[in-house]
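The next block is input.txt, given as compact mmCIF, C-alpha atoms and all ligand atoms.
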# COMPACT_ATOMS: atom_id res chain seq x y z
CA MET A 165 117.60 112.67 118.32
CA THR A 166 114.60 112.11 116.11
CA SER A 167 111.29 113.50 117.21
CA PRO A 168 108.77 110.91 118.43
CA GLN A 169 106.66 111.50 115.32
CA ASN A 170 109.52 110.35 113.09
CA GLU A 171 110.45 107.24 115.07
CA GLN A 172 109.81 103.86 113.53
CA PHE A 173 109.05 100.90 115.72
CA VAL A 174 111.16 97.82 115.11
CA PHE A 175 108.15 95.70 116.14
CA SER A 176 104.52 96.79 115.99
CA PRO A 177 103.38 97.82 119.45
CA ILE A 178 100.78 95.46 120.90
CA VAL A 179 98.59 96.94 123.60
CA PRO A 180 97.53 94.32 126.16
CA SER A 181 93.84 94.63 126.93
CA LEU A 182 90.88 92.97 128.64
CA ALA A 183 87.31 92.59 127.41
CA VAL A 184 84.63 94.89 128.77
CA ALA A 185 81.62 92.73 129.71
CA ASP A 186 78.69 92.73 127.25
CA SER A 187 80.52 95.14 124.96
CA THR A 188 82.80 95.12 121.93
CA GLN A 189 85.05 97.64 123.73
CA ARG A 190 88.43 96.68 125.16
CA PHE A 191 90.06 98.04 128.32
CA ALA A 192 93.66 98.91 127.39
CA LEU A 193 96.02 97.93 130.19
CA ARG A 194 98.70 100.18 131.59
CA ARG A 195 99.90 98.83 134.95
CA VAL A 196 98.87 96.01 137.27
CA TYR A 197 99.18 96.78 140.99
CA CYS A 198 98.45 94.21 143.70
CA VAL A 199 97.77 94.70 147.41
CA GLY A 200 99.34 92.23 149.84
CA ARG A 201 97.55 90.78 152.90
CA ASN A 202 94.29 92.74 152.76
CA TYR A 203 92.02 90.22 154.54
CA ALA A 204 92.72 89.53 158.24
CA GLU A 205 92.24 85.75 158.04
CA HIS A 206 94.65 85.48 155.10
CA ALA A 207 97.25 87.69 156.84
CA ARG A 208 97.04 85.33 159.83
CA GLU A 209 97.36 82.18 157.69
CA MET A 210 100.57 83.71 156.24
CA GLY A 211 101.89 84.35 159.76
CA HIS A 212 101.30 88.09 160.13
CA ASP A 213 99.39 90.38 162.47
CA PRO A 214 96.71 92.06 160.33
CA ASP A 215 96.06 94.92 162.75
CA ARG A 216 99.37 96.74 162.55
CA GLU A 217 100.31 96.92 158.90
CA ALA A 218 99.90 99.72 156.35
CA PRO A 219 98.92 98.44 152.88
CA PHE A 220 101.84 97.32 150.73
CA PHE A 221 102.01 96.79 147.00
CA PHE A 222 103.71 94.75 144.30
CA THR A 223 103.16 94.62 140.55
CA LYS A 224 102.55 92.19 137.72
CA HIS A 225 103.08 92.76 134.02
CA PRO A 226 100.15 93.88 131.83
CA ASP A 227 100.98 91.13 129.32
CA SER A 228 100.59 88.48 132.06
CA LEU A 229 96.80 88.91 132.15
CA LEU A 230 95.10 85.66 131.11
CA PRO A 231 91.47 86.09 129.99
CA ASP A 232 88.67 84.05 131.59
CA GLY A 233 88.12 80.62 130.04
CA ASN A 234 91.75 80.00 129.12
CA VAL A 235 94.27 77.37 130.12
CA PHE A 236 96.74 78.57 132.75
CA PRO A 237 100.12 77.07 131.79
CA TYR A 238 101.83 75.59 134.87
CA PRO A 239 104.88 77.87 135.19
CA PRO A 240 108.47 76.60 135.18
CA GLY A 241 110.86 76.80 138.13
CA THR A 242 108.36 75.90 140.84
CA SER A 243 106.58 72.97 142.42
CA GLU A 244 104.14 75.01 144.51
CA VAL A 245 101.82 77.39 142.62
CA HIS A 246 99.08 78.89 144.77
CA HIS A 247 95.69 80.37 143.84
CA GLU A 248 94.62 83.74 145.28
CA ILE A 249 91.11 84.82 144.23
CA GLU A 250 90.74 88.62 144.30
CA MET A 251 88.41 91.43 143.33
CA VAL A 252 90.09 93.62 140.73
CA VAL A 253 89.55 97.37 140.33
CA ALA A 254 89.95 98.99 136.90
CA ILE A 255 90.97 102.66 136.98
CA GLY A 256 89.23 104.89 134.44
CA ARG A 257 90.41 108.31 135.57
CA GLY A 258 93.93 109.04 136.75
CA GLY A 259 95.26 111.11 139.58
CA ALA A 260 97.83 111.56 142.34
CA ASP A 261 97.08 112.19 146.03
CA ILE A 262 93.46 111.18 145.51
CA PRO A 263 91.30 111.77 148.62
CA VAL A 264 89.44 108.74 150.02
CA GLU A 265 86.16 110.64 149.71
CA THR A 266 86.36 110.93 145.90
CA ALA A 267 88.47 107.82 145.17
CA LEU A 268 85.60 105.76 143.75
CA ASP A 269 85.02 108.42 141.05
CA HIS A 270 88.29 107.15 139.50
CA VAL A 271 86.97 103.59 139.04
CA PHE A 272 85.87 102.46 135.59
CA GLY A 273 84.77 99.01 136.69
CA TYR A 274 85.45 95.76 138.53
CA ALA A 275 86.56 92.24 137.66
CA VAL A 276 87.53 88.96 139.31
CA GLY A 277 91.14 87.86 139.07
CA LEU A 278 93.59 85.28 140.32
CA ASP A 279 96.91 86.43 141.77
CA MET A 280 98.77 83.23 140.89
CA THR A 281 101.85 82.84 143.07
CA ARG A 282 104.95 80.64 143.05
CA ARG A 283 104.71 80.20 146.82
CA ASP A 284 107.97 78.25 147.12
CA LEU A 285 109.94 81.02 145.38
CA GLN A 286 108.10 83.67 147.42
CA ALA A 287 109.09 81.90 150.64
CA GLU A 288 112.74 81.85 149.53
CA ALA A 289 112.56 85.54 148.58
CA LYS A 290 111.02 86.52 151.91
CA LYS A 291 113.68 84.59 153.79
CA ALA A 292 116.52 86.19 151.82
CA GLY A 293 114.98 89.69 151.84
CA ARG A 294 114.75 89.61 148.04
CA PRO A 295 112.09 91.07 145.71
CA TRP A 296 108.98 89.06 144.82
CA GLU A 297 109.03 89.31 141.00
CA VAL A 298 109.81 85.67 140.27
CA ALA A 299 107.02 84.64 142.65
CA LYS A 300 104.38 87.04 141.38
CA ALA A 301 105.19 88.47 137.94
CA PHE A 302 105.65 85.38 135.76
CA ASP A 303 103.92 84.75 132.42
CA ALA A 304 100.12 84.27 132.70
CA ALA A 305 100.31 85.04 136.44
CA ALA A 306 97.15 87.14 136.38
CA PRO A 307 94.04 85.35 135.06
CA CYS A 308 91.20 87.90 135.00
CA SER A 309 87.53 88.12 133.98
CA ALA A 310 86.11 90.76 131.68
CA ILE A 311 85.72 94.15 133.32
CA VAL A 312 82.20 95.04 134.40
CA PRO A 313 81.61 98.80 134.32
CA ALA A 314 80.67 100.51 137.59
CA SER A 315 78.00 102.32 135.57
CA ARG A 316 76.21 98.96 135.51
CA ILE A 317 76.90 97.40 138.95
CA GLY A 318 77.83 100.39 141.10
CA HIS A 319 80.67 100.08 143.63
CA PRO A 320 80.31 96.76 145.47
CA GLY A 321 81.08 97.09 149.18
CA LYS A 322 79.97 93.64 150.24
CA GLY A 323 79.42 90.26 148.63
CA ARG A 324 80.79 86.75 148.74
CA ILE A 325 84.25 86.10 147.24
CA TRP A 326 84.96 82.44 146.63
CA LEU A 327 87.07 79.89 144.78
CA ASP A 328 86.33 76.20 144.09
CA ILE A 329 88.76 73.66 142.67
CA ASN A 330 87.15 70.75 140.82
CA GLY A 331 83.89 71.69 142.55
CA GLU A 332 85.38 71.67 146.08
CA PRO A 333 85.27 74.94 148.06
CA ARG A 334 88.77 76.30 148.80
CA GLN A 335 88.55 80.03 149.43
CA GLN A 336 85.67 81.86 151.09
CA GLY A 337 85.27 85.41 152.25
CA ASP A 338 83.37 88.63 151.81
CA ILE A 339 84.71 91.79 150.21
CA ALA A 340 83.22 93.65 153.20
CA SER A 341 86.16 92.15 155.15
CA LEU A 342 88.84 94.01 153.19
CA ILE A 343 91.18 95.59 155.76
CA TRP A 344 91.76 98.52 153.38
CA SER A 345 88.65 99.37 151.35
CA VAL A 346 88.81 99.99 147.60
CA ALA A 347 88.62 103.76 148.21
CA GLU A 348 91.40 103.60 150.81
CA VAL A 349 93.61 101.46 148.55
CA ILE A 350 93.21 103.94 145.67
CA ALA A 351 93.99 106.90 147.97
CA TYR A 352 97.04 105.19 149.47
CA LEU A 353 98.42 103.88 146.15
CA SER A 354 97.96 107.29 144.48
CA ARG A 355 100.35 108.82 147.01
CA LEU A 356 103.07 106.47 145.75
CA PHE A 357 102.27 106.34 142.01
CA GLU A 358 100.25 108.65 139.79
CA LEU A 359 97.36 106.46 138.68
CA GLN A 360 96.33 106.48 135.02
CA PRO A 361 93.44 105.05 132.99
CA GLY A 362 94.21 101.41 132.24
CA ASP A 363 95.67 100.62 135.66
CA LEU A 364 94.34 97.54 137.47
CA ILE A 365 94.48 96.94 141.20
CA PHE A 366 94.22 93.38 142.58
CA THR A 367 92.76 94.07 146.03
CA GLY A 368 93.96 91.04 148.02
CA THR A 369 92.78 87.52 148.74
CA PRO A 370 90.69 85.96 151.53
CA ALA A 371 91.82 82.94 153.54
CA GLY A 372 92.19 79.46 152.07
CA VAL A 373 95.06 79.86 149.60
CA GLY A 374 96.71 76.64 148.53
CA PRO A 375 98.44 74.79 145.71
CA VAL A 376 96.99 73.96 142.29
CA GLN A 377 97.75 70.79 140.32
CA ARG A 378 97.95 70.21 136.58
CA GLY A 379 94.44 69.46 135.28
CA ASP A 380 92.64 71.32 138.09
CA ARG A 381 89.57 73.36 137.15
CA LEU A 382 89.44 76.63 139.11
CA ARG A 383 86.15 78.48 139.34
CA GLY A 384 85.63 81.58 141.44
CA GLY A 385 83.82 84.84 141.68
CA VAL A 386 82.71 87.89 143.52
CA GLU A 387 78.97 88.15 144.15
CA GLY A 388 77.51 91.01 142.13
CA VAL A 389 80.62 91.39 139.95
CA ALA A 390 81.67 88.39 137.85
CA THR A 391 82.97 84.83 137.81
CA ILE A 392 86.15 83.33 136.36
CA GLU A 393 87.03 79.79 135.29
CA ILE A 394 90.42 78.48 134.21
CA VAL A 395 92.04 75.07 133.84
CA VAL A 396 95.62 74.42 134.94
CA GLY A 397 97.62 73.11 132.00
CA ASP A 398 101.02 71.43 131.71
MN MN A 401 97.32 88.47 146.31

Would you write out, as structure tokens, the structure that this file holds?
Ligand code: MN
Amino acid sequence: MTSPQNEQFVFSPIVPSLAVADSTQRFALRRVYCVGRNYAEHAREMGHDPDREAPFFFTKHPDSLLPDGNVFPYPPGTSEVHHEIEMVVAIGRGGADIPVETALDHVFGYAVGLDMTRRDLQAEAKKAGRPWEVAKAFDAAAPCSAIVPASRIGHPGKGRIWLDINGEPRQQGDIASLIWSVAEVIAYLSRLFELQPGDLIFTGTPAGVGPVQRGDRLRGGVEGVATIEIVVGD
């Protein structure tokens, strides 16, 4: 065994990162966690009872983050790709078993992201009791704005979350309607995984999810945080 100091990489390591708003700094990405069904109206539209469920999580790959303003390549193997506009939390300080009361101290900042989903493959996976990776963790599956530091905007507890396609309203909600608040999500997730700086958490989507088509222009945002705009490519 060689010591880590003596190891040579076969390829140079590339650290995926996101821009920090109004800064030359980059936020180096570690893991991307996502919360499922965290707005009651969306849980209902997907056929679930929002009142009885503990939060559940899935992940995407850090190299699947697509910066704001880019073309989202329509992924292969699907004919039904859905948009899910979400507020994204960027973790700046790690921890396990984080109490709800101090959870927001672990937040570096916030962003707006899209949890792009191959809904047809997700439906098949649900039916067969299979994992969701092919539905959720494909290339470019996580378009995301620059991260806005909490030192600048605080910790938003309410504000409109919205998505338009080609200027037509599709998703509407308010982050005050999160079933599990940001602090509760951090506390819950940190009992399952030790959180580290560089982790992102997609906090769930409001009602109105639906398919995107090649050529669509998606524009969305969270009031008081940021906006995001992408075009669906071929
Ligand atoms: Mn989602």

Using all atoms listed in the file, the residue out of A:Gly258, A:Gly200, A:Gly397, A:Pro333 with shortest distance to ligand MN 401 (chain A) is A:Gly200

Residues at most 6 Å from A:Val235, counting all atoms listed in the file, excluding those fewer than 6 positions away in the same chain, as a list in words?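 The neighbour list is Ile394, Val395, Val396 and Gly397 of chain A.
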
Counting only C-alpha atoms and all ligand atoms, name the residues that have an atom within 6 Å of an atom of ligand MN 401 (chain A); the answer should be given as a list in words. Gly200, Glu248, Asp279, Gly368 and Thr369 of chain A

How many Å separate atom CA of A:Trp344 from atom CA of A:Ala287?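 These atoms are spaced 24.2 Å apart.
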
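Counting all atoms listed in the file, the residue from A:Pro313, A:Pro240, A:Gly293, A:Pro231 that sits nearest to A:Ser187 is A:Pro313.
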
Quick one, how far is atom CA of A:Leu182 from atom CA of A:Ser341? 26.9 Å
